[in-house]
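K.L.:
My structure is stored as model.txt, with compact mmCIF, C-alpha atoms.
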```txt
# COMPACT_ATOMS: atom_id res chain seq x y z
CA MET B 1 16.45 -24.82 38.57
CA LYS B 2 13.48 -22.56 38.05
CA ARG B 3 12.01 -22.90 34.57
CA TYR B 4 10.22 -20.30 32.51
CA VAL B 5 8.36 -19.90 29.28
CA ILE B 6 9.21 -16.68 27.50
CA ALA B 7 6.36 -15.65 25.20
CA THR B 8 7.78 -14.18 22.00
CA GLY B 9 4.62 -14.11 19.94
CA THR B 10 6.09 -15.21 16.66
CA VAL B 11 7.79 -18.49 15.88
CA THR B 12 10.59 -16.53 14.18
CA HIS B 13 11.51 -14.71 17.38
CA ALA B 14 11.14 -17.95 19.37
CA ILE B 15 13.62 -19.81 17.15
CA LYS B 16 16.02 -16.86 17.10
CA GLY B 17 15.91 -16.64 20.90
CA ARG B 18 16.34 -20.37 21.36
CA ASP B 19 19.38 -20.44 19.08
CA LEU B 20 20.94 -17.47 20.90
CA LEU B 21 20.50 -19.12 24.28
CA LYS B 22 21.86 -22.45 23.04
CA LYS B 23 24.94 -20.71 21.67
CA LYS B 24 25.52 -19.37 25.17
CA GLY B 25 25.17 -22.87 26.62
CA ILE B 26 21.70 -22.28 28.04
CA ALA B 27 19.20 -25.08 27.44
CA ALA B 28 16.20 -23.79 25.53
CA GLU B 29 13.39 -25.14 23.37
CA THR B 30 10.60 -23.52 21.41
CA GLU B 31 6.99 -24.37 22.01
CA ARG B 32 3.58 -23.24 20.94
CA MET B 33 2.14 -21.41 23.92
CA LYS B 34 -0.21 -23.59 25.90
CA TYR B 35 -1.26 -21.14 28.58
CA GLY B 36 -0.89 -17.55 29.70
CA THR B 37 -1.90 -16.21 26.32
CA GLU B 38 -5.52 -15.47 27.11
CA ASN B 39 -5.08 -11.81 26.28
CA TYR B 40 -3.54 -12.18 22.84
CA GLY B 41 -4.26 -15.65 21.53
CA CYS B 42 -1.96 -17.99 19.63
CA GLY B 43 1.77 -17.58 19.79
CA TYR B 44 5.13 -19.19 20.42
CA GLY B 45 7.57 -19.09 23.26
CA ILE B 46 10.93 -20.32 24.54
CA VAL B 47 11.08 -22.78 27.41
CA THR B 48 14.28 -22.25 29.37
CA GLY B 49 15.67 -22.05 32.86
CA GLY B 50 18.36 -20.39 34.94
CA ASN B 51 19.17 -16.73 35.56
CA ILE B 52 16.10 -15.19 33.97
CA GLU B 53 17.36 -11.61 34.20
CA LYS B 54 20.50 -12.55 32.30
CA ILE B 55 18.44 -14.46 29.75
CA GLU B 56 16.00 -11.59 29.30
CA ASN B 57 18.84 -9.11 28.76
CA LEU B 58 20.54 -11.37 26.26
CA LEU B 59 17.35 -11.78 24.25
CA LYS B 60 16.42 -8.10 24.35
CA SER B 61 19.89 -6.97 23.33
CA ASN B 62 19.57 -9.18 20.26
CA ASN B 63 16.17 -7.78 19.27
CA VAL B 64 14.16 -10.83 20.33
CA LYS B 65 10.68 -9.59 21.13
CA ILE B 66 9.49 -10.63 24.60
CA LEU B 67 5.79 -10.34 25.35
CA LYS B 68 5.73 -11.96 28.75
CA ILE B 69 7.81 -14.23 31.01
CA LEU B 70 5.86 -16.91 32.84
CA PRO B 71 7.29 -19.23 35.50
CA ILE B 72 6.51 -22.90 34.97
CA ASP B 73 5.20 -24.50 38.13
CA MET I 74 16.70 -24.28 -27.11
CA ILE I 75 19.24 -21.58 -26.27
CA TYR I 76 17.82 -19.76 -23.26
CA LEU I 77 19.05 -16.17 -23.04
CA ASP I 78 16.18 -14.71 -21.00
CA ASN I 79 17.76 -15.06 -17.56
CA ALA I 80 16.83 -11.48 -16.65
CA ALA I 81 13.20 -12.62 -16.67
CA THR I 82 13.91 -15.74 -14.62
CA SER I 83 16.92 -18.02 -14.40
CA GLY I 84 16.41 -20.70 -17.01
CA TYR I 85 18.50 -23.13 -15.05
CA LYS I 86 17.24 -24.31 -11.69
CA PRO I 87 19.88 -26.43 -9.92
CA GLU I 88 19.03 -30.01 -9.01
CA ALA I 89 19.50 -29.07 -5.35
CA VAL I 90 16.75 -26.44 -5.70
CA ILE I 91 14.40 -28.90 -7.38
CA ARG I 92 15.12 -31.53 -4.70
CA SER I 93 14.56 -28.99 -1.96
CA VAL I 94 11.17 -27.95 -3.38
CA SER I 95 10.22 -31.58 -3.87
CA ASN I 96 11.34 -32.51 -0.37
CA ALA I 97 9.30 -29.67 1.12
CA LEU I 98 6.20 -30.96 -0.63
CA ARG I 99 6.88 -34.57 0.33
CA ALA I 100 8.14 -34.21 3.87
CA LEU I 101 7.24 -30.75 5.18
CA SER I 102 3.65 -30.21 4.08
CA ALA I 103 2.49 -28.44 7.19
CA ASN I 104 1.74 -24.80 7.88
CA PRO I 105 4.79 -23.13 9.45
CA GLY I 106 4.17 -20.87 12.44
CA ARG I 107 0.57 -21.94 12.82
CA SER I 108 -0.01 -25.32 14.45
CA GLY I 109 2.21 -26.62 17.22
CA HIS I 110 2.68 -30.21 16.04
CA ASN I 111 6.05 -31.59 15.07
CA LEU I 112 5.62 -31.25 11.32
CA SER I 113 4.51 -27.62 11.59
CA VAL I 114 7.50 -26.88 13.82
CA SER I 115 9.84 -28.61 11.36
CA ALA I 116 8.41 -26.49 8.56
CA ALA I 117 8.90 -23.32 10.66
CA GLU I 118 12.51 -24.34 11.39
CA ALA I 119 13.14 -24.81 7.66
CA VAL I 120 11.74 -21.35 6.91
CA TYR I 121 13.81 -19.79 9.69
CA LYS I 122 17.02 -21.31 8.28
CA VAL I 123 16.33 -19.63 4.95
CA ARG I 124 15.71 -16.30 6.70
CA GLU I 125 19.09 -16.71 8.40
CA ARG I 126 20.87 -17.51 5.13
CA LEU I 127 19.35 -14.48 3.39
CA SER I 128 20.11 -12.19 6.33
CA ASP I 129 23.75 -13.31 6.34
CA PHE I 130 24.08 -13.22 2.55
CA PHE I 131 22.78 -9.66 2.22
CA GLY I 132 24.30 -8.21 5.40
CA ALA I 133 21.04 -7.61 7.27
CA THR I 134 20.84 -7.28 11.04
CA GLY I 135 18.85 -10.44 11.66
CA PRO I 136 16.61 -13.18 10.27
CA GLU I 137 13.48 -11.52 11.63
CA ARG I 138 14.06 -8.75 9.10
CA VAL I 139 13.55 -11.17 6.20
CA ILE I 140 9.99 -11.20 4.85
CA PHE I 141 8.79 -13.64 2.22
CA THR I 142 6.49 -12.26 -0.46
CA GLY I 143 4.98 -13.60 -3.66
CA ASN I 144 7.43 -11.70 -5.84
CA CYS I 145 9.67 -8.65 -5.92
CA THR I 146 6.82 -6.38 -7.06
CA GLN I 147 4.85 -7.16 -3.89
CA ALA I 148 7.93 -6.40 -1.81
CA VAL I 149 8.31 -3.01 -3.52
CA ASN I 150 4.62 -2.20 -3.00
CA PHE I 151 4.89 -3.10 0.70
CA VAL I 152 7.67 -0.54 1.10
CA LEU I 153 6.34 2.33 -1.01
CA LYS I 154 2.77 2.09 0.24
CA GLY I 155 3.88 1.21 3.76
CA VAL I 156 6.09 4.19 4.51
CA LEU I 157 4.81 7.06 2.34
CA ASN I 158 1.95 9.42 3.16
CA ALA I 159 0.46 12.42 1.36
CA ASN I 160 2.96 15.29 1.04
CA ASP I 161 5.95 12.99 1.58
CA GLY I 162 8.67 13.17 -1.05
CA LEU I 163 9.79 10.11 -3.02
CA ILE I 164 12.71 10.04 -5.43
CA ILE I 165 13.09 7.25 -7.99
CA SER I 166 15.36 6.82 -11.02
CA ASN I 167 14.51 6.92 -14.69
CA LEU I 168 15.58 3.27 -14.99
CA GLU I 169 12.76 1.85 -12.88
CA HIS I 170 10.76 -1.21 -13.78
CA ASN I 171 7.02 -0.73 -13.50
CA ALA I 172 7.25 -2.63 -10.20
CA VAL I 173 8.51 0.68 -8.81
CA ALA I 174 7.23 3.22 -11.34
CA ARG I 175 3.57 2.22 -11.20
CA PRO I 176 3.12 2.22 -7.42
CA ALA I 177 5.15 5.44 -7.28
CA PHE I 178 2.91 7.16 -9.78
CA SER I 179 -0.19 5.71 -8.12
CA LEU I 180 1.02 7.28 -4.87
CA ARG I 181 1.46 10.58 -6.67
CA GLU I 182 -2.30 10.63 -7.16
CA LYS I 183 -2.60 10.35 -3.38
CA GLY I 184 -0.42 13.39 -2.76
CA VAL I 185 3.07 11.88 -2.62
CA LYS I 186 5.59 14.15 -4.36
CA VAL I 187 7.53 12.02 -6.84
CA SER I 188 10.70 13.18 -8.55
CA VAL I 189 13.02 11.32 -10.87
CA PHE I 190 16.83 11.27 -11.17
CA ASP I 191 19.00 10.12 -14.05
CA GLY I 192 20.17 6.56 -13.39
CA PHE I 193 22.73 6.83 -16.19
CA ALA I 194 24.70 9.49 -14.28
CA LYS I 195 28.12 8.30 -13.14
CA ASP I 196 27.54 9.94 -9.76
CA PRO I 197 23.79 10.20 -9.16
CA THR I 198 24.28 11.94 -5.82
CA GLN I 199 25.06 15.23 -7.57
CA GLU I 200 21.55 15.43 -9.01
CA LEU I 201 20.01 13.88 -5.90
CA ASN I 202 21.49 16.64 -3.77
CA ASN I 203 19.42 19.09 -5.79
CA LEU I 204 16.26 16.96 -5.72
CA ILE I 205 16.23 16.34 -1.97
CA THR I 206 13.86 18.65 -0.10
CA LYS I 207 12.67 18.84 3.50
CA ASP I 208 9.77 16.57 2.48
CA THR I 209 11.91 13.81 0.98
CA LYS I 210 11.21 10.68 3.01
CA LEU I 211 12.41 7.91 0.73
CA ILE I 212 14.79 7.37 -2.15
CA PHE I 213 13.91 4.13 -3.88
CA CYS I 214 15.71 2.92 -6.98
CA THR I 215 16.70 -0.08 -8.94
CA HIS I 216 20.24 -1.37 -8.52
CA VAL I 217 20.43 -2.58 -12.12
CA SER I 218 18.31 -1.58 -15.10
CA ASN I 219 16.36 -4.60 -16.32
CA VAL I 220 16.50 -3.12 -19.83
CA CYS I 221 20.18 -2.39 -20.41
CA GLY I 222 21.96 -3.60 -17.28
CA LYS I 223 23.18 -0.15 -16.15
CA ILE I 224 24.32 -0.31 -12.53
CA ILE I 225 23.32 2.53 -10.20
CA ASP I 226 25.87 3.29 -7.47
CA ILE I 227 23.64 2.40 -4.53
CA ALA I 228 26.44 2.64 -1.96
CA LYS I 229 26.84 6.34 -2.75
CA ILE I 230 23.09 6.91 -2.57
CA GLY I 231 22.91 4.98 0.71
CA ALA I 232 25.58 7.21 2.22
CA LEU I 233 23.74 10.31 0.99
CA CYS I 234 20.48 9.06 2.53
CA LYS I 235 22.16 8.44 5.88
CA LYS I 236 23.62 11.98 5.79
CA HIS I 237 20.17 13.48 5.22
CA GLY I 238 18.19 11.07 7.43
CA ILE I 239 16.24 9.75 4.45
CA LEU I 240 15.04 6.16 4.06
CA PHE I 241 16.66 4.19 1.24
CA GLY I 242 15.10 1.28 -0.64
CA VAL I 243 16.58 -0.79 -3.45
CA ASP I 244 14.92 -2.90 -6.12
CA ALA I 245 17.51 -5.65 -6.45
CA ALA I 246 15.46 -7.85 -8.78
CA GLN I 247 18.30 -7.98 -11.31
CA SER I 248 21.23 -7.76 -8.93
CA GLY I 249 20.38 -9.95 -5.94
CA GLY I 250 22.81 -12.87 -6.08
CA VAL I 251 24.60 -11.30 -9.05
CA LEU I 252 26.37 -8.20 -7.69
CA PRO I 253 27.71 -7.75 -4.16
CA ILE I 254 25.07 -6.29 -1.81
CA ASN I 255 25.60 -5.61 1.87
CA MET I 256 22.73 -3.71 3.47
CA LYS I 257 24.74 -2.51 6.45
CA GLU I 258 27.71 -1.32 4.44
CA MET I 259 25.57 0.25 1.71
CA GLY I 260 23.08 1.93 4.04
CA ILE I 261 20.07 0.13 2.59
CA ASP I 262 16.92 0.20 4.71
CA PHE I 263 14.70 -1.87 2.39
CA LEU I 264 15.96 -4.48 -0.05
CA CYS I 265 13.53 -6.08 -2.51
CA LEU I 266 14.58 -9.32 -4.19
CA ALA I 267 13.44 -11.65 -6.95
CA PRO I 268 15.06 -14.91 -5.80
CA HIS I 269 13.90 -16.75 -8.93
CA LYS I 270 16.49 -14.78 -10.91
CA GLY I 271 19.95 -14.50 -9.35
CA LEU I 272 19.29 -16.96 -6.55
CA PHE I 273 18.01 -19.76 -8.87
CA ALA I 274 14.83 -20.22 -6.81
CA PRO I 275 11.39 -21.14 -8.16
CA MET I 276 9.13 -18.50 -9.69
CA GLY I 277 6.48 -17.07 -7.38
CA THR I 278 9.01 -16.19 -4.70
CA GLY I 279 9.96 -12.73 -3.50
CA VAL I 280 11.83 -11.32 -0.54
CA LEU I 281 11.78 -8.03 1.31
CA ILE I 282 14.47 -7.33 3.88
CA ALA I 283 13.30 -4.44 6.02
CA GLU I 284 15.68 -2.81 8.47
CA LYS I 285 13.14 -0.13 9.33
CA GLN I 286 9.57 -0.42 10.46
CA ILE I 287 6.83 -0.28 7.85
CA SER I 288 3.98 1.65 9.41
CA LYS I 289 1.16 0.75 7.03
CA THR I 290 0.30 -2.69 5.70
CA VAL I 291 -1.02 -3.45 2.24
CA ILE I 292 -2.40 -6.85 3.25
CA GLU I 293 -3.75 -7.85 6.64
CA GLY I 294 -4.78 -11.29 7.81
CA GLY I 295 -3.83 -14.40 9.72
CA THR I 296 -0.26 -14.63 10.98
CA GLY I 297 -0.57 -17.48 13.49
CA THR I 298 0.12 -14.98 16.27
CA ALA I 299 -1.96 -12.75 18.55
CA SER I 300 -5.06 -14.39 17.13
CA LEU I 301 -7.47 -12.77 19.54
CA SER I 302 -6.53 -9.32 18.35
CA LEU I 303 -8.16 -7.82 15.27
CA ALA I 304 -5.18 -5.52 14.81
CA GLN I 305 -2.34 -6.60 12.53
CA PRO I 306 0.72 -7.60 14.65
CA GLU I 307 3.54 -5.04 14.72
CA ASP I 308 6.47 -7.46 14.66
CA LEU I 309 8.36 -8.41 11.56
CA PRO I 310 8.35 -10.67 9.69
CA GLU I 311 4.80 -11.80 10.43
CA ARG I 312 3.41 -8.26 10.13
CA LEU I 313 3.96 -8.50 6.38
CA GLU I 314 3.37 -12.22 5.93
CA SER I 315 -0.37 -12.65 6.31
CA GLY I 316 -1.65 -15.93 4.95
CA THR I 317 0.13 -19.19 4.31
CA ILE I 318 3.64 -18.67 2.97
CA ASN I 319 5.15 -20.51 0.02
CA LEU I 320 7.12 -23.14 1.93
CA PRO I 321 8.34 -25.13 -1.10
CA GLY I 322 9.45 -21.93 -2.81
CA ILE I 323 11.18 -20.69 0.33
CA CYS I 324 13.05 -23.99 0.69
CA GLY I 325 14.05 -23.52 -2.95
CA ILE I 326 15.45 -20.07 -2.10
CA GLY I 327 17.58 -21.61 0.63
CA ALA I 328 18.95 -24.25 -1.72
CA GLY I 329 19.57 -21.54 -4.32
CA VAL I 330 21.66 -19.50 -1.89
CA ASP I 331 23.65 -22.62 -1.01
CA PHE I 332 24.20 -23.31 -4.71
CA LEU I 333 25.38 -19.75 -5.25
CA LEU I 334 27.79 -19.95 -2.33
CA GLN I 335 29.12 -23.28 -3.57
CA LYS I 336 29.67 -22.09 -7.14
CA GLY I 337 30.81 -18.61 -6.11
CA ARG I 338 28.77 -15.54 -6.99
CA GLU I 339 31.78 -13.84 -8.52
CA ASN I 340 32.60 -16.85 -10.70
CA ILE I 341 29.10 -16.85 -12.16
CA LEU I 342 29.20 -13.08 -12.64
CA ARG I 343 32.54 -13.25 -14.47
CA HIS I 344 31.26 -16.07 -16.71
CA GLU I 345 28.10 -14.19 -17.69
CA ALA I 346 29.97 -10.91 -18.12
CA ALA I 347 32.50 -12.58 -20.42
CA LEU I 348 29.67 -13.85 -22.62
CA CYS I 349 28.11 -10.38 -22.75
CA GLN I 350 31.49 -8.85 -23.50
CA LYS I 351 31.97 -11.19 -26.47
CA LEU I 352 28.54 -10.42 -27.87
CA TYR I 353 29.03 -6.70 -27.30
CA ASP I 354 32.42 -6.72 -29.07
CA ASP I 355 31.11 -8.84 -31.95
CA LEU I 356 28.02 -6.71 -32.55
CA LYS I 357 29.38 -3.24 -31.89
CA GLY I 358 30.17 -1.28 -35.01
CA ASN I 359 28.03 -3.40 -37.32
CA SER I 360 25.75 -1.21 -39.37
CA GLY I 361 22.10 -1.91 -38.81
CA ILE I 362 22.63 -3.17 -35.25
CA THR I 363 22.63 -0.85 -32.24
CA VAL I 364 24.15 -2.19 -29.05
CA PHE I 365 23.29 -0.30 -25.85
CA GLY I 366 25.72 0.28 -23.02
CA ASN I 367 29.46 0.85 -23.12
CA GLY I 368 30.79 -2.68 -22.78
CA ASN I 369 32.17 -2.09 -19.29
CA PHE I 370 30.56 -5.10 -17.70
CA ILE I 371 30.68 -5.77 -13.95
CA ASN I 372 31.78 -2.20 -13.12
CA GLU I 373 29.13 -0.20 -14.96
CA TYR I 374 26.82 -2.80 -16.49
CA ALA I 375 25.44 -6.05 -15.17
CA PRO I 376 25.64 -9.01 -17.55
CA LEU I 377 22.72 -8.36 -19.86
CA LEU I 378 22.68 -6.66 -23.21
CA SER I 379 20.05 -4.73 -25.11
CA VAL I 380 20.23 -4.46 -28.89
CA SER I 381 18.04 -3.18 -31.69
CA ILE I 382 18.02 -3.81 -35.40
CA SER I 383 17.31 -1.03 -37.82
CA GLY I 384 13.95 -1.42 -39.54
CA VAL I 385 12.79 -4.42 -37.50
CA LYS I 386 10.73 -4.00 -34.34
CA SER I 387 12.21 -5.68 -31.30
CA ASP I 388 9.20 -7.94 -30.77
CA GLU I 389 9.63 -9.16 -34.32
CA VAL I 390 13.33 -9.80 -33.77
CA ALA I 391 12.52 -11.80 -30.63
CA ALA I 392 9.92 -13.82 -32.56
CA LEU I 393 12.40 -14.52 -35.35
CA LEU I 394 15.01 -15.62 -32.82
CA ASP I 395 12.43 -17.86 -31.19
CA ARG I 396 11.87 -19.56 -34.54
CA LYS I 397 15.60 -20.34 -34.50
CA GLY I 398 15.31 -21.78 -30.99
CA ILE I 399 16.75 -18.78 -29.19
CA ALA I 400 14.77 -17.38 -26.24
CA VAL I 401 15.21 -13.66 -25.55
CA ARG I 402 12.83 -10.85 -24.62
CA GLY I 403 11.84 -8.10 -27.02
CA GLY I 404 9.70 -5.05 -26.38
CA TYR I 405 9.68 -2.63 -23.48
CA HIS I 406 10.47 -4.92 -20.54
CA CYS I 407 7.86 -3.17 -18.34
CA ALA I 408 10.22 -0.20 -18.06
CA PRO I 409 8.85 2.78 -19.99
CA LEU I 410 10.99 5.36 -18.17
CA ALA I 411 14.17 3.51 -19.13
CA HIS I 412 13.15 3.24 -22.78
CA LYS I 413 12.33 6.92 -22.82
CA ALA I 414 15.79 7.69 -21.40
CA MET I 415 17.43 5.38 -23.93
CA GLY I 416 15.45 6.79 -26.84
CA THR I 417 13.95 3.40 -27.68
CA VAL I 418 10.27 4.10 -27.15
CA ASN I 419 9.74 3.54 -30.86
CA GLY I 420 10.28 -0.19 -31.18
CA GLY I 421 11.88 -1.16 -27.87
CA THR I 422 14.95 -3.37 -27.62
CA VAL I 423 15.88 -7.02 -27.66
CA ARG I 424 17.31 -8.06 -24.30
CA ILE I 425 19.87 -10.85 -24.25
CA ALA I 426 20.64 -12.15 -20.77
CA PRO I 427 23.01 -15.10 -20.54
CA GLY I 428 23.08 -17.35 -17.51
CA ILE I 429 25.30 -19.83 -15.76
CA ASN I 430 24.60 -22.60 -18.29
CA ASN I 431 25.27 -20.62 -21.45
CA CYS I 432 28.50 -20.92 -23.37
CA VAL I 433 30.38 -19.14 -26.16
CA TRP I 434 28.67 -21.35 -28.75
CA ASP I 435 25.28 -19.98 -27.63
CA ILE I 436 26.58 -16.44 -28.11
CA GLU I 437 27.86 -17.35 -31.57
CA GLN I 438 24.39 -18.63 -32.50
CA VAL I 439 22.58 -15.51 -31.36
CA LYS I 440 25.15 -13.30 -33.06
CA ARG I 441 24.71 -15.13 -36.38
CA ALA I 442 20.95 -15.01 -36.03
CA LEU I 443 21.02 -11.25 -35.38
CA PHE I 444 23.25 -10.70 -38.42
CA SER I 445 20.82 -12.75 -40.55
CA ILE I 446 17.87 -10.70 -39.33
CA SER I 447 19.77 -7.47 -39.87
CA ASN I 448 20.58 -8.55 -43.43
CA LYS I 449 16.93 -9.63 -43.94
CA LYS I 450 18.01 -13.22 -44.55
CA TYR I 451 15.33 -14.98 -42.57
```
Would you encode the structure as structure tokens?
P.N.:
Amino acid sequence: MKRYVIATGTVTHAIKGRDLLKKKGIAAETERMKYGTENYGCGYGIVTGGNIEKIENLLKSNNVKILKILPID
Amino acid sequence: MIYLDNAATSGYKPEAVIRSVSNALRALSANPGRSGHNLSVSAAEAVYKVRERLSDFFGATGPERVIFTGNCTQAVNFVLKGVLNANDGLIISNLEHNAVARPAFSLREKGVKVSVFDGFAKDPTQELNNLITKDTKLIFCTHVSNVCGKIIDIAKIGALCKKHGILFGVDAAQSGGVLPINMKEMGIDFLCLAPHKGLFAPMGTGVLIAEKQISKTVIEGGTGTASLSLAQPEDLPERLESGTINLPGICGIGAGVDFLLQKGRENILRHEAALCQKLYDDLKGNSGITVFGNGNFINEYAPLLSVSISGVKSDEVAALLDRKGIAVRGGYHCAPLAHKAMGTVNGGTVRIAPGINNCVWDIEQVKRALFSISNKKY
């Protein structure tokens, strides 16, 4: 399964997004961004996997701010 | 001591609140939302849970709308100074605490048009309909007068604001955790809270729940996010939470909400209202003592009571009560507009605000003490 880190910026949005995904049975964890944040500096993200379009829509429809979605190699 | 100054801060802090604050200091002393280590993440998770509880409790749309401030006054300032520009119209009530009145009148000097409605009106929307102009951007008012306990019908004002496309903010310092508040149902865009009162949290805590964007910030600084940018982040809550937040206090807020849910907000309200009712009934009609309000607690007045004694200044009454071991607040309660409306600018009032831990015996003691002072037997 392809895995992604969804940069949310704030830890609040990361936790909210993680909890939403978990409620839908999608494995998700928060993490402090380790890479891919060169343009904006420190921030948090959600590490998850699966149908990324579905995940993105779910998060956006619940007002979780998404800055960037990065695939994890 | 008989503590009857719960409108200033709740005199009783539940053991669960104290334990929660203590536990935060012992086991969660890390900076939430900053570092990525386990302890920092645990601290951030604890803060998030409190945002969730507050969002649910006050009917907000989500935890990200909950902003922690140093007190309710800061929350009010963030709203008024964040959304209003020169030539915008602001309407406040004549029952405002200086937390609202002072920033409002400071904004007037910067070109904001401030008008005032009568908070004692049974239906304030009648006057508001006349005060609203094309420039009116925000109606901001207290839910409950901190001087006399008068309740303003915020649901009606919220509906009026929605009809006219006007922003609506509420100072719920006296009512948060005391009276029912649902932001969605009442059409409230900005709710400012003093959790150390009705939510039994530690002093030095404040909350702003913002359903609408606040365009200008009063304080800018580190948020733990977008660190390479010199611009303040746009996203709530961090946009309004620059600097390290009060983690122990925030944990105390969470424990306070849990305590309130466990005891039942309505049960506490009924208990405090019954004590006020007794004092009101016992004092009313006694010559030399003026009791403010109409005794219709819960529906028209929150459970606090203002009184004055003929010939004795309220500060002096409060000092005499203090000598008898009774803690109340005399004076003007930082609410000059309310005292002007009540006709008590000369001498102020003595505010008696019972809390969850007070009993009928306490009310008997304060009643006797007030009679003694009134009869100059002190």
K.L.:
Give me, as CSV, the closest atom pair and its distance (Å, one decimal) for every residue of chain B within a cut-off of 9 Å of chain I, counting only C-alpha atoms, rows sorted by chain and rising number.
P.N.:
```
residue,atom,partner,partner_atom,distance
B:Gly9,CA,I:Thr298,CA,5.9
B:Thr10,CA,I:Thr298,CA,6.0
B:Val11,CA,I:Gly106,CA,5.5
B:Thr12,CA,I:Glu137,CA,6.3
B:His13,CA,I:Glu137,CA,6.9
B:Ile15,CA,I:Glu118,CA,7.4
B:Lys16,CA,I:Pro136,CA,7.8
B:Thr30,CA,I:Val114,CA,8.9
B:Glu31,CA,I:Gly109,CA,7.1
B:Arg32,CA,I:Gly109,CA,5.2
B:Met33,CA,I:Gly109,CA,8.5
B:Thr37,CA,I:Ala299,CA,8.5
B:Glu38,CA,I:Leu301,CA,8.3
B:Asn39,CA,I:Leu301,CA,7.2
B:Tyr40,CA,I:Ala299,CA,4.6
B:Gly41,CA,I:Ser300,CA,4.6
B:Cys42,CA,I:Thr298,CA,5.0
B:Gly43,CA,I:Thr298,CA,4.7
B:Tyr44,CA,I:Thr298,CA,7.7
B:Asn62,CA,I:Gly135,CA,8.7
B:Asn63,CA,I:Gly135,CA,8.5
B:Val64,CA,I:Glu137,CA,8.8
B:Lys65,CA,I:Asp308,CA,8.0
```
K.L.:
Enclose all atoms of region 41-60 of chain B listed in the file in an axis-aligned box, grow every side by 6 Å, and hand back centre and edge lengths in Å to one decimal, as AutoDock Vina command-line options.
P.N.:
```
--center_x 8.1 --center_y -15.4 --center_z 27.6 --size_x 36.8 --size_y 26.7 --size_z 27.9
```
K.L.:
Could you tell me which of B:Ile52, B:Val5, B:Leu59, B:Val47 comes closest to Leu20 (chain B) if we count all atoms listed in the file?
P.N.:
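When distances to Leu20 (chain B) are compared using all atoms listed in the file, the smallest one comes from B:Leu59.
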K.L.:
Got a sec: who's within 9 Å of Asp19 (chain B), counting only C-alpha atoms, leaving out chain neighbours fewer than 4 positions off, as a list in words?
P.N.:
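So, after excluding close chain neighbours, the residues are Ala14, Ile15, Lys23, Lys24, Ala28 and Glu29 of chain B.
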K.L.:
In Å, rounded to a single decimal, give me how far CA of Met74 (chain I) is from CA of Ile399 (chain I).
P.N.:
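Interatomic distance here is 5.9 Å.
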K.L.:
Would you pick out the contacts of region 421-438 of chain I at 8 Å or less, using only C-alpha atoms, so that residues sharing its chain but fewer than 3 positions from it are not included, and give the list as number ranges by chain?
P.N.:
I: 75-80, 83-85, 220-221, 341, 344-345, 348-349, 351-352, 376-381, 386-388, 390-391, 401-405, 412, 417-418, 441-442
K.L.:
For CA of Glu284 (chain I) and CA of Pro197 (chain I), quote the distance in Å rounded to one decimal.
P.N.:
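CA of Glu284 (chain I) sits 23.4 Å away from CA of Pro197 (chain I).
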K.L.:
Show me, as a PyMOL selection string, the residues that have an atom within 10 Å of Gln147 (chain I) when counting all atoms listed in the file, minus same-chain residues fewer than 5 positions from it.
P.N.:
chain I and resi 141-142+152+172-173+265-266+278-281+291
K.L.:
Just how far from CA of Val94 (chain I) is CA of Gly398 (chain I), in Å to one decimal?
P.N.:
28.6 Å
K.L.:
Counting all atoms listed in the file, what is within 9 Å of Lys68 (chain B), bar same-chain residues fewer than 2 positions away, as number ranges by chain?
P.N.:
B: 5-8, 36, 66, 70
K.L.:
Extract, using all atoms listed in the file, all DNA, RNA and protein residues at most 10 Å from region 253-262 of chain I, discarding same-chain residues fewer than 6 positions from it, and format them as an MDAnalysis selection string.
P.N.:
chainID I and resid 128:134 152 211 213 216 226:235 239:243 245 282:286 338:339
